[in-house]
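**Student:** Below is work-v4.tsv; it holds TSV, C-alpha atoms.
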chain	number	residue	atom	x	y	z
A	206	MET	CA	-19.65	0.61	-8.49
A	207	VAL	CA	-19.12	2.15	-11.92
A	208	GLY	CA	-21.56	1.39	-14.72
A	209	ASN	CA	-20.81	1.20	-18.43
A	210	SER	CA	-21.66	4.86	-18.85
A	211	GLY	CA	-18.89	5.82	-16.42
A	212	LYS	CA	-21.37	7.22	-13.89
A	213	ARG	CA	-21.17	6.09	-10.31
A	214	GLN	CA	-24.53	4.58	-9.50
A	215	GLY	CA	-26.84	5.85	-6.80
A	216	GLY	CA	-25.84	9.50	-6.35
A	217	PRO	CA	-26.89	12.86	-7.76
A	218	GLU	CA	-25.81	13.63	-11.30
A	219	HIS	CA	-24.74	17.26	-11.44
A	220	SER	CA	-21.19	17.47	-10.09
A	221	PRO	CA	-17.91	18.14	-11.90
A	222	ASP	CA	-15.97	15.11	-13.05
A	223	ASP	CA	-12.39	15.78	-11.97
A	224	PRO	CA	-11.40	13.87	-8.82
A	225	LEU	CA	-9.47	16.88	-7.51
A	226	LEU	CA	-12.76	18.79	-7.25
A	227	TRP	CA	-14.20	16.28	-4.78
A	228	PRO	CA	-13.55	18.27	-1.59
A	229	PHE	CA	-15.50	21.23	-2.98
A	230	ALA	CA	-18.26	19.54	-4.96
A	231	ALA	CA	-19.06	17.14	-2.16
A	232	ALA	CA	-19.60	20.04	0.23
A	233	ARG	CA	-22.12	21.53	-2.18
A	234	LEU	CA	-23.89	18.22	-2.49
A	235	ALA	CA	-24.07	17.92	1.29
A	236	MET	CA	-26.76	20.59	1.37
A	237	ASP	CA	-29.36	18.25	-0.05
A	238	ALA	CA	-27.76	14.81	-0.25
A	239	CYS	CA	-29.38	11.81	1.32
A	240	PHE	CA	-27.06	9.02	2.39
A	241	TRP	CA	-27.28	6.09	0.01
A	242	TRP	CA	-24.96	3.82	1.93
A	243	ILE	CA	-23.39	1.14	-0.20
A	244	ASP	CA	-21.76	-1.94	1.22
A	245	ARG	CA	-18.11	-1.23	0.43
A	246	GLY	CA	-16.65	-3.21	3.32
A	247	SER	CA	-13.87	-1.83	5.48
A	248	PRO	CA	-11.86	1.00	3.91
A	249	GLU	CA	-8.32	-0.01	3.11
A	250	SER	CA	-5.36	1.55	4.82
A	251	ALA	CA	-3.16	3.76	2.65
A	252	ASP	CA	-0.35	1.33	3.50
A	253	SER	CA	-2.11	-1.54	1.69
A	254	ALA	CA	-2.83	0.32	-1.53
A	255	LEU	CA	-1.14	0.17	-4.92
A	256	SER	CA	2.60	-0.24	-5.08
A	257	TRP	CA	4.92	2.57	-6.10
A	258	THR	CA	6.33	2.74	-9.62
A	259	THR	CA	9.74	4.00	-8.50
A	260	PRO	CA	11.68	2.09	-5.82
A	261	ASN	CA	11.92	4.22	-2.70
A	262	ALA	CA	12.63	4.19	1.00
A	263	VAL	CA	10.95	6.10	3.81
A	264	ALA	CA	13.47	8.72	4.85
A	265	LEU	CA	11.36	10.30	7.56
A	266	GLU	CA	8.09	9.57	9.40
A	267	LEU	CA	6.21	12.76	10.28
A	268	THR	CA	2.70	13.45	11.53
A	269	THR	CA	1.50	14.68	8.15
A	270	MET	CA	3.59	12.59	5.76
A	271	ARG	CA	6.12	9.95	5.00
A	272	LEU	CA	9.04	11.52	3.20
A	273	ARG	CA	9.90	9.07	0.42
A	274	ASP	CA	13.47	8.95	-0.87
A	275	CYS	CA	13.50	7.99	-4.55
A	276	THR	CA	17.16	8.88	-4.92
A	277	ARG	CA	19.30	7.01	-7.46
A	278	ALA	CA	22.63	8.67	-6.59
A	279	ARG	CA	23.89	11.20	-4.07
A	280	SER	CA	25.04	13.79	-6.60
A	281	GLY	CA	23.33	16.96	-7.76
A	282	HIS	CA	20.71	19.22	-6.27
A	283	PRO	CA	17.80	17.47	-4.53
A	284	ALA	CA	14.27	17.83	-5.90
A	285	LEU	CA	11.28	17.42	-3.59
A	286	VAL	CA	7.97	16.66	-5.33
A	287	CYS	CA	5.15	18.14	-3.26
A	288	ALA	CA	2.11	16.04	-4.17
A	289	PRO	CA	-1.41	17.46	-3.87
A	290	TYR	CA	-3.23	16.61	-0.65
A	291	ALA	CA	-6.79	16.59	-1.95
A	292	LEU	CA	-8.27	13.19	-1.08
A	293	HIS	CA	-5.98	11.08	-3.25
A	294	ARG	CA	-2.67	9.34	-2.59
A	295	ALA	CA	0.64	10.81	-3.67
A	296	LEU	CA	0.79	8.00	-6.25
A	297	ILE	CA	-0.52	10.70	-8.61
A	298	ALA	CA	3.16	11.71	-8.85
A	299	ASP	CA	4.43	8.16	-9.49
A	300	PHE	CA	1.49	6.50	-11.17
A	301	ALA	CA	2.99	4.11	-13.73
A	302	PRO	CA	5.98	3.81	-16.10
A	303	GLY	CA	5.69	6.65	-18.62
A	304	HIS	CA	3.14	8.36	-16.39
A	305	SER	CA	5.31	9.32	-13.41
A	306	VAL	CA	6.71	12.72	-12.42
A	307	VAL	CA	9.28	11.02	-10.20
A	308	GLN	CA	10.41	8.76	-13.04
A	309	SER	CA	10.55	11.60	-15.57
A	310	LEU	CA	12.72	13.70	-13.27
A	311	ARG	CA	15.09	10.80	-12.65
A	312	GLU	CA	15.32	9.91	-16.34
A	313	GLY	CA	15.94	13.60	-17.02
A	314	GLY	CA	19.11	13.49	-14.93
A	315	ILE	CA	17.78	14.53	-11.50
A	316	GLU	CA	19.50	11.94	-9.33
A	317	ARG	CA	18.11	12.98	-5.94
A	318	VAL	CA	14.29	12.93	-5.95
A	319	TYR	CA	12.05	12.92	-2.87
A	320	LEU	CA	8.25	12.81	-2.53
A	321	THR	CA	5.74	13.97	0.09
A	322	ASP	CA	3.50	10.96	0.79
A	323	TRP	CA	0.67	12.60	2.73
A	324	ARG	CA	-1.08	10.56	5.41
A	325	SER	CA	-4.83	10.02	5.67
A	326	ALA	CA	-6.13	12.07	8.60
A	327	ALA	CA	-6.82	10.01	11.72
A	328	PRO	CA	-9.21	11.41	14.37
A	329	GLY	CA	-6.30	12.85	16.33
A	330	MET	CA	-5.21	14.89	13.29
A	331	ARG	CA	-8.46	16.88	12.98
A	332	TYR	CA	-6.90	20.12	14.30
A	333	LEU	CA	-3.90	20.08	11.96
A	334	SER	CA	-3.70	23.29	9.96
A	335	ILE	CA	-1.89	24.58	6.89
A	336	ASP	CA	0.84	25.65	9.31
A	337	SER	CA	1.15	22.00	10.42
A	338	TYR	CA	1.86	20.95	6.83
A	339	LEU	CA	4.26	23.82	6.22
A	340	GLY	CA	6.07	22.94	9.45
A	341	ASP	CA	6.51	19.30	8.48
A	342	LEU	CA	7.55	20.34	4.96
A	343	ASN	CA	10.24	22.46	6.61
A	344	VAL	CA	11.44	19.50	8.68
A	345	ALA	CA	11.54	17.33	5.55
A	346	ILE	CA	13.59	19.90	3.65
A	347	ASP	CA	16.01	20.25	6.55
A	348	GLU	CA	16.37	16.46	6.51
A	349	ILE	CA	17.09	16.46	2.76
A	350	GLY	CA	19.40	19.46	3.04
A	351	ALA	CA	18.46	22.93	1.84
A	352	PRO	CA	18.31	24.48	-0.63
A	353	VAL	CA	16.04	22.15	-2.60
A	354	ASP	CA	14.26	22.32	-5.92
A	355	LEU	CA	10.58	22.24	-4.97
A	356	VAL	CA	8.15	20.72	-7.49
A	357	GLY	CA	4.54	21.50	-6.53
A	358	LEU	CA	1.65	19.66	-8.21
A	359	CYS	CA	-1.84	21.25	-8.14
A	360	GLN	CA	-2.60	21.98	-4.46
A	361	GLY	CA	0.94	20.95	-3.66
A	362	GLY	CA	1.79	23.98	-5.78
A	363	TRP	CA	0.28	26.63	-3.54
A	364	LEU	CA	1.79	24.86	-0.51
A	365	SER	CA	5.21	24.93	-2.21
A	366	LEU	CA	4.76	28.59	-3.10
A	367	LEU	CA	3.84	29.49	0.48
A	368	TYR	CA	6.93	27.63	1.66
A	369	ALA	CA	9.18	29.39	-0.85
A	370	ALA	CA	7.85	32.77	0.29
A	371	ARG	CA	8.22	31.87	3.98
A	372	PHE	CA	11.70	30.32	3.64
A	373	PRO	CA	13.17	31.80	0.42
A	374	ALA	CA	16.75	30.77	1.24
A	375	LYS	CA	15.72	27.10	1.37
A	376	VAL	CA	14.32	26.88	-2.18
A	377	ARG	CA	16.77	26.96	-5.09
A	378	ARG	CA	14.18	26.59	-7.86
A	379	LEU	CA	10.41	26.22	-7.92
A	380	VAL	CA	8.20	24.29	-10.33
A	381	LEU	CA	4.44	24.91	-10.17
A	382	ALA	CA	2.38	22.47	-12.26
A	383	GLY	CA	-1.34	23.22	-12.58
A	384	ALA	CA	-1.19	25.18	-9.32
A	385	PRO	CA	-4.17	27.31	-8.22
A	386	VAL	CA	-2.82	30.54	-6.72
A	387	ASP	CA	-4.79	33.59	-7.89
A	388	LEU	CA	-8.39	32.48	-7.43
A	389	SER	CA	-9.72	35.83	-8.70
A	390	ILE	CA	-9.17	34.29	-12.15
A	391	ASP	CA	-12.26	32.25	-12.89
A	392	SER	CA	-12.06	28.46	-12.64
A	393	ALA	CA	-14.30	25.50	-11.78
A	394	LEU	CA	-12.48	25.23	-8.46
A	395	SER	CA	-13.08	28.84	-7.42
A	396	ARG	CA	-16.71	28.80	-8.59
A	397	LEU	CA	-17.48	25.69	-6.56
A	398	ALA	CA	-15.84	27.02	-3.43
A	399	ARG	CA	-17.54	30.41	-3.58
A	400	SER	CA	-21.01	29.24	-4.59
A	401	THR	CA	-21.44	27.14	-1.45
A	402	PRO	CA	-22.40	28.74	1.90
A	403	ALA	CA	-19.59	28.50	4.44
A	404	ALA	CA	-21.89	26.65	6.85
A	405	VAL	CA	-22.07	23.73	4.45
A	406	TYR	CA	-18.31	23.14	4.70
A	407	ASP	CA	-18.58	23.33	8.50
A	408	GLN	CA	-21.36	20.73	8.39
A	409	LEU	CA	-19.25	18.42	6.25
A	410	VAL	CA	-16.40	18.56	8.76
A	411	ALA	CA	-18.78	18.03	11.69
A	412	ARG	CA	-20.26	14.93	10.03
A	413	GLY	CA	-16.74	13.53	9.69
A	414	GLY	CA	-16.05	13.96	13.41
A	415	GLY	CA	-13.68	16.86	12.73
A	416	ASN	CA	-12.18	15.48	9.53
A	417	VAL	CA	-13.40	15.36	5.95
A	418	SER	CA	-14.11	11.73	5.14
A	419	GLY	CA	-12.69	10.52	1.86
A	420	GLU	CA	-15.06	7.57	1.93
A	421	GLU	CA	-18.02	9.92	2.22
A	422	MET	CA	-16.72	11.97	-0.68
A	423	LEU	CA	-16.70	8.81	-2.76
A	424	ARG	CA	-20.27	8.00	-1.76
A	425	LEU	CA	-21.49	11.50	-2.57
A	426	TRP	CA	-19.61	11.72	-5.84
A	427	SER	CA	-22.02	11.58	-8.72
A	428	LYS	CA	-19.81	10.55	-11.58
A	429	ALA	CA	-16.72	8.42	-11.86
A	430	PRO	CA	-14.36	9.17	-14.73
A	431	SER	CA	-15.38	7.41	-17.94
A	432	ARG	CA	-12.97	5.42	-20.10
A	433	GLU	CA	-12.66	8.51	-22.29
A	434	ASP	CA	-11.85	10.68	-19.26
A	435	ILE	CA	-9.16	8.25	-18.13
A	436	ALA	CA	-7.69	7.93	-21.63
A	437	ALA	CA	-7.52	11.74	-21.82
A	438	ALA	CA	-5.80	11.94	-18.42
A	439	LEU	CA	-3.29	9.23	-19.32
A	440	GLN	CA	-3.01	10.53	-22.92
A	441	LYS	CA	-2.97	6.96	-24.11
A	442	ASP	CA	-5.07	4.44	-25.99
A	443	ILE	CA	-6.36	2.09	-23.29
A	444	SER	CA	-8.05	-0.41	-25.60
A	445	ASP	CA	-5.19	-2.96	-25.56
A	446	GLU	CA	-3.94	-5.22	-22.77
A	447	GLU	CA	-1.51	-2.63	-21.42
A	448	GLY	CA	-4.28	-0.04	-21.48
A	449	ALA	CA	-6.62	-2.34	-19.59
A	450	ALA	CA	-4.01	-2.68	-16.83
A	451	LEU	CA	-3.61	1.10	-16.66
A	452	LEU	CA	-7.39	1.51	-16.56
A	453	ALA	CA	-7.69	-0.90	-13.64
A	454	ARG	CA	-4.84	0.82	-11.83
A	455	PHE	CA	-6.39	4.25	-12.34
A	456	ASP	CA	-9.77	3.08	-11.07
A	457	ARG	CA	-8.14	1.60	-7.98
A	458	TRP	CA	-6.17	4.80	-7.33
A	459	ASN	CA	-9.28	6.90	-7.89
A	460	THR	CA	-11.33	4.99	-5.34
A	461	GLU	CA	-8.68	4.83	-2.60
A	462	THR	CA	-9.24	8.16	-0.91
A	463	LEU	CA	-7.61	9.88	2.05
A	464	ASN	CA	-9.29	11.79	4.85
A	465	LEU	CA	-8.40	15.47	5.33
A	466	PRO	CA	-8.06	17.26	8.70
A	467	GLY	CA	-11.09	19.48	9.21
A	468	THR	CA	-9.08	22.54	10.26
A	469	TYR	CA	-6.74	22.25	7.27
A	470	TYR	CA	-9.67	21.74	4.90
A	471	LEU	CA	-11.62	24.75	6.16
A	472	GLU	CA	-8.55	26.98	5.95
A	473	ILE	CA	-8.06	25.96	2.31
A	474	VAL	CA	-11.69	26.54	1.42
A	475	ASN	CA	-12.03	29.87	3.23
A	476	TRP	CA	-8.59	31.46	3.12
A	477	ILE	CA	-7.37	30.30	-0.28
A	478	PHE	CA	-10.36	29.55	-2.49
A	479	ARG	CA	-12.95	31.97	-1.08
A	480	GLU	CA	-10.82	34.87	0.18
A	481	ASN	CA	-7.83	34.54	-2.19
A	482	ARG	CA	-5.41	35.41	0.60
A	483	ILE	CA	-2.24	34.09	-1.06
A	484	ALA	CA	-2.58	36.20	-4.20
A	485	SER	CA	-3.84	39.26	-2.31
A	486	GLY	CA	-0.96	39.25	0.19
A	487	ASN	CA	-3.11	38.54	3.24
A	488	PHE	CA	-1.88	35.06	4.15
A	489	THR	CA	0.04	34.46	7.36
A	490	ALA	CA	2.22	31.33	7.43
A	491	LEU	CA	4.03	30.17	10.56
A	492	GLY	CA	3.62	33.56	12.19
A	493	ARG	CA	4.73	35.73	9.29
A	494	LYS	CA	2.70	37.50	6.62
A	495	ILE	CA	3.52	36.09	3.21
A	496	HIS	CA	4.63	38.35	0.38
A	497	LEU	CA	4.98	36.56	-2.95
A	498	LYS	CA	7.44	39.23	-4.07
A	499	ASP	CA	9.84	37.60	-1.60
A	500	VAL	CA	10.03	34.66	-3.99
A	501	LYS	CA	12.99	35.49	-6.22
A	502	ALA	CA	14.11	31.98	-7.15
A	503	PRO	CA	13.83	30.81	-10.78
A	504	VAL	CA	10.33	29.47	-11.44
A	505	PHE	CA	8.88	27.11	-14.05
A	506	LEU	CA	5.10	27.23	-14.61
A	507	LEU	CA	3.33	24.29	-16.29
A	508	ALA	CA	-0.24	24.76	-17.52
A	509	GLY	CA	-2.78	22.62	-19.35
A	510	LEU	CA	-4.55	24.14	-22.34
A	511	GLY	CA	-7.52	21.85	-21.65
A	512	ASP	CA	-7.41	22.23	-17.87
A	513	ASN	CA	-10.84	23.24	-16.54
A	514	VAL	CA	-9.77	22.87	-12.89
A	515	VAL	CA	-6.85	25.32	-13.00
A	516	PRO	CA	-7.14	27.05	-16.38
A	517	ALA	CA	-3.92	27.94	-18.17
A	518	ALA	CA	-4.62	31.66	-17.63
A	519	GLN	CA	-4.76	31.09	-13.89
A	520	ALA	CA	-1.72	28.81	-13.74
A	521	LEU	CA	0.43	31.22	-15.76
A	522	ALA	CA	-0.80	34.38	-13.99
A	523	THR	CA	1.28	33.42	-10.95
A	524	ALA	CA	4.33	34.82	-12.76
A	525	GLY	CA	3.08	38.37	-12.25
A	526	LEU	CA	2.76	37.91	-8.49
A	527	LEU	CA	6.36	36.90	-7.83
A	528	GLY	CA	9.59	38.77	-7.20
A	529	THR	CA	11.42	36.49	-9.63
A	530	PRO	CA	12.85	38.54	-12.53
A	531	PRO	CA	10.97	37.76	-15.77
A	532	ALA	CA	14.18	36.44	-17.35
A	533	PHE	CA	14.23	33.65	-14.75
A	534	ILE	CA	10.62	32.55	-15.27
A	535	ALA	CA	10.05	29.70	-17.73
A	536	ALA	CA	6.64	28.37	-18.77
A	537	ALA	CA	5.06	25.64	-20.86
A	538	SER	CA	1.44	25.13	-21.93
A	539	GLU	CA	0.60	21.55	-22.86
A	540	PRO	CA	-2.46	20.17	-24.73
A	541	SER	CA	-3.62	18.50	-21.53
A	542	ASN	CA	-6.43	18.37	-19.01
A	543	HIS	CA	-5.63	18.74	-15.32
A	544	LEU	CA	-4.71	15.16	-14.43
A	545	GLY	CA	-2.82	14.86	-17.70
A	546	LEU	CA	-0.25	17.36	-16.38
A	547	PHE	CA	0.84	14.75	-13.83
A	548	MET	CA	-0.14	11.44	-15.47
A	549	GLY	CA	-0.25	12.09	-19.22
A	550	ALA	CA	2.12	10.19	-21.54
A	551	HIS	CA	2.44	13.16	-23.93
A	552	THR	CA	3.20	15.55	-21.07
A	553	HIS	CA	5.85	13.17	-19.76
A	554	ALA	CA	7.40	12.87	-23.21
A	555	HIS	CA	7.60	16.64	-23.72
A	556	ALA	CA	7.11	18.94	-20.71
A	557	TRP	CA	8.72	16.97	-17.88
A	558	PRO	CA	12.01	16.29	-19.72
A	559	ARG	CA	12.17	20.03	-20.37
A	560	ILE	CA	11.55	20.71	-16.68
A	561	ALA	CA	14.29	18.26	-15.69
A	562	GLU	CA	16.70	19.95	-18.11
A	563	TRP	CA	15.73	23.36	-16.68
A	564	LEU	CA	16.43	22.12	-13.16
A	565	ARG	CA	19.88	20.88	-14.22
A	566	ASP	CA	20.93	24.03	-16.05
A	567	ASP	CA	23.06	26.66	-14.39
A	568	LEU	CA	21.60	30.13	-14.02
A	569	SER	CA	23.43	31.49	-17.04
A	570	GLY	CA	21.72	28.87	-19.18
A	571	VAL	CA	18.32	29.77	-17.79
A	572	LEU	CA	19.01	33.44	-18.43
A	573	ALA	CA	20.19	32.83	-22.00
A	574	ARG	CA	17.11	30.81	-22.97
A	575	SER	CA	14.70	33.23	-21.29
A	576	ALA	CA	16.15	36.40	-22.83
Here is the file; what I need is its structure written in the form of structure tokens.
**Tutor:**
Amino acid sequence: MVGNSGKRQGGPEHSPDDPLLWPFAAARLAMDACFWWIDRGSPESADSALSWTTPNAVALELTTMRLRDCTRARSGHPALVCAPYALHRALIADFAPGHSVVQSLREGGIERVYLTDWRSAAPGMRYLSIDSYLGDLNVAIDEIGAPVDLVGLCQGGWLSLLYAARFPAKVRRLVLAGAPVDLSIDSALSRLARSTPAAVYDQLVARGGGNVSGEEMLRLWSKAPSREDIAAALQKDISDEEGAALLARFDRWNTETLNLPGTYYLEIVNWIFRENRIASGNFTALGRKIHLKDVKAPVFLLAGLGDNVVPAAQALATAGLLGTPPAFIAAASEPSNHLGLFMGAHTHAHAWPRIAEWLRDDLSGVLARSA
């Protein structure tokens, strides 16, 4: 339950607030946490959760995801939104009218929009790895028809970047929004991952029977977002009737967690956040060492000036790691916290229409504006 103060009752009170930090903060808490089991009833299936904002159809059923087809027409280049897989549903990319990446892209003239709807990890998925997710992403893109415009949100950003480096001919343009890539640049995410002994993460996976339990993360989490936190993420006054509905929807989304495969989770923690393998050129994806200089497609970087999860300096530093000519790199820094990059009304009124326009432009237009 959430009290009036916004704190979740019954747990420790010293963890970061942002829901996307759960997988890392909860591991730290596991060192000394006692289980304060609350009667929450049976966890709901991801299938029975909140409805989508944008009408869609399931184009493909894969082990790791449902590929959702949000297409309005069959013209133009396809855009695939790669949602973060960090304990929350892909509804983060299609949260509500005026707060939806999918909707903003469609209203910005992108007729063919698809979305990775990641599945909650069942016991049989515990050995799935980052390669498993890259492999299914490759199948999804082949189904859509390469090359695609790949739009990576937060942890969906580094996955999209790995894919673009592994299969450069299959990505026409790349959008990275609040994406952690170079973890040598200080952030709350990198500090949490590195300050916890590796054995603690192993213990967390073992307690989940080989997976990381989203329900356990919720129990261990010390603080639910307050009304002020949610208003900042949505960039909207939530004191009226419409705001109350958004508040209830956010709280429901925030408490409906997904499980993560243990192998995948430990690879993220160790290879990406502790060892910084992507930025340092030491990551192997689907049998081939990844070189970010192989990414030469036009890139758009979106950063939040108030983002304490992936600071703007970290989000924008990715530009220097790529092989994309500087003239073909666009960037925007918004007055936003982390969740506000994906859900914020102001961000959707300003940054995402610009991104949609950038995706529609021909290369000469991109070059002219970037010169």
**Student:** Considering all atoms listed in the file, state which residue in the set A:Pro466, A:Ala438, A:Arg565, A:Lys501 is at the smallest distance from Pro540 (chain A).
**Tutor:**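 Checking each of A:Pro466, A:Ala438, A:Arg565, A:Lys501 against Pro540 (chain A), counting all atoms listed in the file, the winner is A:Ala438.
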**Student:** Under the rule of at most 9 Å, produce a per-residue listing of region 503-566 of chain A near region 344-366 of chain A: chain, number, name, the closest pair of atoms, and the distance in Å, as CSV, using all atoms listed in the file.
**Tutor:**
residue,atom,partner,partner_atom,distance
A:Val515,CA,A:Cys359,CA,8.1
A:His543,CA,A:Cys359,CA,8.5
A:Leu546,CA,A:Leu358,CA,8.7
A:Phe547,CA,A:Leu358,CA,7.5
A:Leu564,CA,A:Asp354,CA,7.6
**Student:** Based on the selection just made, write C-alpha atoms of those residues as a PDB file, in the coordinates of the input.
**Tutor:**
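See part.pdb below for the written result:
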ATOM      1  CA  VAL A 515      -6.850  25.320 -13.000  1.00  0.00           C
ATOM      2  CA  HIS A 543      -5.630  18.740 -15.320  1.00  0.00           C
ATOM      3  CA  LEU A 546      -0.250  17.360 -16.380  1.00  0.00           C
ATOM      4  CA  PHE A 547       0.840  14.750 -13.830  1.00  0.00           C
ATOM      5  CA  LEU A 564      16.430  22.120 -13.160  1.00  0.00           C
TER       6      LEU A 564
END
**Student:** So, counting all atoms listed in the file, which residue among A:Asn475, A:Asn464, A:Thr529, A:Thr259 is closest to Leu423 (chain A)?
**Tutor:**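 Ranked by minimum distance to Leu423 (chain A), first place goes to A:Asn464.
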**Student:** May I ask which of the residues A:Met548, A:Ala327, A:Leu497, A:Leu272 is the closest one to Ala370 (chain A), counting only C-alpha atoms?
**Tutor:**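 Of A:Met548, A:Ala327, A:Leu497, A:Leu272, the one nearest Ala370 (chain A), counting only C-alpha atoms, is A:Leu497.
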**Student:** Name all residues at most 7 Å from region 467-473 of chain A (count all atoms listed in the file; drop same-chain ones fewer than 2 positions away) and give them as a PyMOL selection string.
**Tutor:** chain A and resi 331-335+410+415-417+465+475-478
**Student:** For region 295-308 of chain A, find every residue with an atom within 8 Å (counting all atoms listed in the file), except residues of its own chain fewer than 6 positions away, and show them as a JSON list (two decimals) with C-alpha atoms, in the coordinates of the input.
**Tutor:**
[["chain", "number", "residue", "atom", "x", "y", "z"],
["A", 257, "TRP", "CA", 4.92, 2.57, -6.10],
["A", 258, "THR", "CA", 6.33, 2.74, -9.62],
["A", 259, "THR", "CA", 9.74, 4.00, -8.50],
["A", 275, "CYS", "CA", 13.50, 7.99, -4.55],
["A", 286, "VAL", "CA", 7.97, 16.66, -5.33],
["A", 288, "ALA", "CA", 2.11, 16.04, -4.17],
["A", 289, "PRO", "CA", -1.41, 17.46, -3.87],
["A", 318, "VAL", "CA", 14.29, 12.93, -5.95],
["A", 320, "LEU", "CA", 8.25, 12.81, -2.53],
["A", 321, "THR", "CA", 5.74, 13.97, 0.09],
["A", 322, "ASP", "CA", 3.50, 10.96, 0.79],
["A", 323, "TRP", "CA", 0.67, 12.60, 2.73],
["A", 439, "LEU", "CA", -3.29, 9.23, -19.32],
["A", 451, "LEU", "CA", -3.61, 1.10, -16.66],
["A", 458, "TRP", "CA", -6.17, 4.80, -7.33],
["A", 547, "PHE", "CA", 0.84, 14.75, -13.83],
["A", 548, "MET", "CA", -0.14, 11.44, -15.47],
["A", 549, "GLY", "CA", -0.25, 12.09, -19.22],
["A", 550, "ALA", "CA", 2.12, 10.19, -21.54],
["A", 553, "HIS", "CA", 5.85, 13.17, -19.76],
["A", 554, "ALA", "CA", 7.40, 12.87, -23.21],
["A", 557, "TRP", "CA", 8.72, 16.97, -17.88]]
**Student:** Distance CA of Arg371 (chain A)-CA of Asp499 (chain A), one decimal place?
**Tutor:**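 The value is 8.2 Å.
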**Student:** So that I can see what lies close to Glu562 (chain A), please list as a PyMOL selection string the residues with an atom at most 9 Å from it, counting all atoms listed in the file and leaving out residues fewer than 3 positions away in the same chain.
**Tutor:** chain A and resi 310+313-315+557-559+565-566
**Student:** Distance CA of Pro373 (chain A)-CA of Arg277 (chain A), one decimal place?
**Tutor:**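 Atom-to-atom, CA of Pro373 (chain A) and CA of Arg277 (chain A) are spaced 26.7 Å apart.
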**Student:** What would the list of residues within 10 Å of (4.7, 35.0, 3.2) (file frame) look like as a count of residues only, if only C-alpha atoms are what count?
**Tutor:** 24
**Student:** Please indicate the distance in Å from CA of Ser309 (chain A) to CA of Pro531 (chain A), rounded to one decimal place.
**Tutor:**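 If I compute the distance from CA of Ser309 (chain A) to CA of Pro531 (chain A), I get 26.2 Å.
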**Student:** Report as AutoDock Vina command-line options the centre and the edge lengths, in Å to one decimal, of the axis-aligned box holding every listed atom of region 498-510 of chain A, padded by 4 Å on each side.
**Tutor:**
--center_x 4.8 --center_y 30.9 --center_z -12.0 --size_x 26.7 --size_y 24.6 --size_z 28.7
**Student:** Using only C-alpha atoms, which residue out of A:Ala561, A:Ala524, A:Leu285, A:Ala518 lies closest to Arg273 (chain A)?
**Tutor:**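 For Arg273 (chain A), the nearest of the given residues is A:Leu285.
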**Student:** Of the candidates A:Arg479, A:Arg454, A:Arg294, A:Arg271, which shows the shortest atom-to-atom distance to Leu342 (chain A), using only C-alpha atoms?
**Tutor:**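 Ranked by minimum distance to Leu342 (chain A), first place goes to A:Arg271.
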**Student:** Closest to Ile435 (chain A) among A:Ala291, A:Val386, A:Val514, A:Ala453, using all atoms listed in the file?
**Tutor:**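 Among A:Ala291, A:Val386, A:Val514, A:Ala453, it is A:Ala453 that comes nearest to Ile435 (chain A).
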